[in-house]
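Novice: To start, I am sharing the structure in question, which I have written as structure tokens.
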Amino acid sequence: MNKETVLVVDDVEMNRIILEDILENHYHIEHASNGIEAISCLFSAAVMPSIVLLDIMMPEMDGFEVLELMKNNPLTQKTPVIFITAADASTNESKGLSMGAVDYIPKPFDPEVVKVRVSNQIKLKNYSDKLERMVEDKVEELVKTKEKILETLANIIEYRNLESGHHVRRSSELTKLLVRHMVRKPVFEKQLADMDIDIISKAVQLHDVGKIASPDRILLKPGPLEKAEFEIIKSHSTVGSDIIRSLIECDDDLYLNYSYDICRHHHERWDGTGYPDKLRANDIPVAARILSVVDVYDALVSKRVYKLPFSHEQSMRIIVDGSGTQFDPEIVTALVELNEQFANFSVR
């Protein structure tokens with residue numbers, strides 16, 4: 001079984017030797033002769049200790065400075081630190097604990113005190129890490145369950161629309177393909193910098209969830225819709241966004257917020273003549289602008305109750321013709337650059 005690593009930081013070599021003699025039977029001991037050396041080892045991950053025994057009074061960089069740097073670095077902020085010092089205990093102990101140290105060992109060293117305090121803090125750290133992993137695993141499990149439920153809800157809508165869930169899956173995959181290409185383009189660098197591609201592609205699946213409120217006589221109508229019928233179909237963007245907003249009130253996360261933007265605004269138009277809010281140009285959330293192109297493309301190349309499928313070439317021409325009016329011209333340019341990939345996808 002591998003031993004836990006203890007990093008001993010002290011500018012006095014004899015103190016480091018004494019601590020190693022006390023602890024070496026149970027732990028692997030690493031040394032640093034000053035604060036700068038300790039930070040260099042820790043931040044380069046040359047040493048990944050389970051605990052740091054840190055002297056306070058050292059030249060150039062004292063223990064308090066080392067601790068502050070450790071707490072501000074994600075690599076070391078959770079590593080427990082026990083201060084070791086011969087300085088005034090009442091003053092330094094209070095300051096050290098308030099800065100995040102977990103314990104305090106005075107000099108000269110009592111071997112049994114050193115052993116017990118190091119052991120207790122390592123056990124506490126390991127237990128805390130285990131609990132954190134358990135919580136992360138449970139959160140991940142809940143997230144996957146939520147996403148599966150929402151994906152199933154989206155597929156139910158597609159089954160009603162005689163699509164068998166294919167449109168949901170294709171829209172998700174095509175969106176991921178398009179976004180991965182767009183993030184490499186300077187024009188979209190800022191807009192997409194903080195956006196998670198996988199989350200966007202999953203959020204796309206809920207774009208037509210509002211069609212749950214559309215009657216079958218309209219949803220499955222084989223011919224052109226009358227004006228009143230079209231108004232009912234148009235309401236799916238607001239009905240769907242209302243459904244998602246009610247979910248956000250219970251669980252406000254990035255996935256649902258992307259879903260809301262996409263669901264409500266994927267029928268907005270670049271020229272401001274779309275619905276439901278008549279947003280124009282960059283006022284339309286970028287995720288919705290992306291999905292609007294993907295949604296139309298997939299609808300064009302797919303068979304519907306009211307039409308036969310168009311060829312990939314016909315579909316691309318229609319989308320290019322809508323550049324600058326219906327669609328964001330830069331997204332259309334990105335789509336054209338992926339012409340071959342979309343063509344291959346459309347025949348799958």
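Labeling convention for the structure tokens: chains A, B, ... as they appear, residues from 1 per chain, ligands from 1 in order of appearance.
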Among range 39-283 of chain A, which residues carry a DSSP assignment of alpha helix (DSSP H), reported as a VMD selection string?
Specialist: chain A and resid 39 to 43 63 to 71 89 to 99 111 to 160 166 to 182 186 to 192 197 to 203 216 to 219 227 to 234 236 to 250 254 to 265
Novice: Please provide as an MDAnalysis selection string all residues within 8 Å of Ile319 in chain A, with the sequence filter that same-chain residues fewer than 5 positions apart are discarded (counting only C-alpha atoms).
Specialist: chainID A and resid 293 296:297 327 332
Novice: Would you list the contacts of range 79-83 of chain A as a list in words, taking every protein, DNA or RNA residue within 7 Å and counting only C-alpha atoms, but skipping same-chain residues closer than 2 positions in sequence?
Specialist: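 Here the qualifying residues turn out to be Ser50, Ile51, Val52, Leu53, Leu54, Asp55, Ile56, Thr76, Gln77, Thr85, Ala101, Val102, Asp103, Tyr104 and Ile105 of chain A.
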Novice: Quick one: write out the picked residues with C-alpha atoms as a PDB file, in the first residue's frame?
Specialist:
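Dumped everything to out-v1.pdb:
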ATOM      1  CA  SER A  50      -1.548  14.716   1.655  1.00  0.00           C
ATOM      2  CA  ILE A  51      -0.526  17.357   4.204  1.00  0.00           C
ATOM      3  CA  VAL A  52       2.019  20.160   4.627  1.00  0.00           C
ATOM      4  CA  LEU A  53       3.901  20.831   7.875  1.00  0.00           C
ATOM      5  CA  LEU A  54       4.825  24.491   7.481  1.00  0.00           C
ATOM      6  CA  ASP A  55       7.183  26.598   9.547  1.00  0.00           C
ATOM      7  CA  ILE A  56       6.063  30.169  10.106  1.00  0.00           C
ATOM      8  CA  THR A  76      -3.344  23.294  -3.435  1.00  0.00           C
ATOM      9  CA  GLN A  77      -6.269  25.089  -1.825  1.00  0.00           C
ATOM     10  CA  THR A  85       6.695  27.140  15.010  1.00  0.00           C
ATOM     11  CA  ALA A 101      -4.466  26.248   8.610  1.00  0.00           C
ATOM     12  CA  VAL A 102      -6.011  23.122  10.142  1.00  0.00           C
ATOM     13  CA  ASP A 103      -3.805  22.735  13.209  1.00  0.00           C
ATOM     14  CA  TYR A 104      -0.704  23.876  15.027  1.00  0.00           C
ATOM     15  CA  ILE A 105       2.341  21.994  16.376  1.00  0.00           C
TER      16      ILE A 105
END
Novice: Can you work out which one of A:Tyr275, A:Phe310, A:Phe342, A:Phe43 has the shortest atom-to-atom distance to Thr238 in chain A, counting only C-alpha atoms?
Specialist: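 The closest residue to Thr238 in chain A is A:Tyr275.
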Novice: For CA of Pro276 in chain A and CA of Val183 in chain A, determine how far apart the two atoms are, in Å to one decimal place.
Specialist: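 Atom-to-atom, CA of Pro276 in chain A and CA of Val183 in chain A are spaced 27.7 Å apart.
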Novice: Using only C-alpha atoms, find the one residue out of A:Leu291, A:Leu23, A:Ile218, A:Cys250 that sits nearest to Val179 in chain A.
Specialist: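 Looking only at the distances to Val179 in chain A, the closest residue turns out to be A:Leu291.
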Novice: May I have the residues within 12 Å of Lys115 in chain A as a ChimeraX atom specification, using only C-alpha atoms and disregarding those fewer than 5 positions away in the same chain?
Specialist: /A:6,19-27,53,105,109-110,120-122
Novice: With only C-alpha atoms as the basis for distance, which of A:His312, A:His166, A:Lys278, A:Arg16 is at the shortest distance from Gln341 in chain A?
Specialist: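 That would be A:His312, the residue with the smallest distance to Gln341 in chain A.
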Novice: Please provide the set of residues having any atom within 7 Å of Thr325 in chain A, restricted to only C-alpha atoms, with same-chain residues fewer than 4 positions apart removed, written as a JSON list (two decimals) with all heavy atoms, in the first residue's frame.
Specialist:
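Listing of part31.json after writing:
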[["chain", "number", "residue", "atom", "x", "y", "z"],
["A", 269, "ARG", "N", -36.19, 35.88, -36.48],
["A", 269, "ARG", "CA", -35.48, 36.05, -37.76],
["A", 269, "ARG", "C", -34.45, 37.16, -37.63],
["A", 269, "ARG", "O", -34.63, 38.12, -36.89],
["A", 269, "ARG", "CB", -36.47, 36.39, -38.88],
["A", 269, "ARG", "CG", -37.39, 35.24, -39.27],
["A", 269, "ARG", "CD", -38.48, 35.72, -40.23],
["A", 269, "ARG", "NE", -37.92, 36.39, -41.40],
["A", 269, "ARG", "CZ", -37.82, 35.82, -42.61],
["A", 269, "ARG", "NH1", -38.26, 34.58, -42.81],
["A", 269, "ARG", "NH2", -37.30, 36.49, -43.62],
["A", 270, "TRP", "N", -33.38, 37.03, -38.39],
["A", 270, "TRP", "CA", -32.29, 38.00, -38.35],
["A", 270, "TRP", "C", -32.79, 39.42, -38.64],
["A", 270, "TRP", "O", -32.28, 40.40, -38.08],
["A", 270, "TRP", "CB", -31.24, 37.59, -39.37],
["A", 270, "TRP", "CG", -30.00, 38.43, -39.38],
["A", 270, "TRP", "CD1", -29.64, 39.35, -40.31],
["A", 270, "TRP", "CD2", -28.94, 38.42, -38.42],
["A", 270, "TRP", "NE1", -28.42, 39.92, -40.01],
["A", 270, "TRP", "CE2", -27.97, 39.36, -38.84],
["A", 270, "TRP", "CE3", -28.71, 37.71, -37.24],
["A", 270, "TRP", "CZ2", -26.80, 39.61, -38.13],
["A", 270, "TRP", "CZ3", -27.54, 37.95, -36.53],
["A", 270, "TRP", "CH2", -26.60, 38.88, -36.97],
["A", 271, "ASP", "N", -33.82, 39.54, -39.50],
["A", 271, "ASP", "CA", -34.33, 40.87, -39.86],
["A", 271, "ASP", "C", -35.40, 41.39, -38.91],
["A", 271, "ASP", "O", -35.97, 42.46, -39.13],
["A", 271, "ASP", "CB", -34.86, 40.88, -41.30],
["A", 271, "ASP", "CG", -36.03, 39.91, -41.50],
["A", 271, "ASP", "OD1", -36.54, 39.35, -40.49],
["A", 271, "ASP", "OD2", -36.44, 39.71, -42.66]]
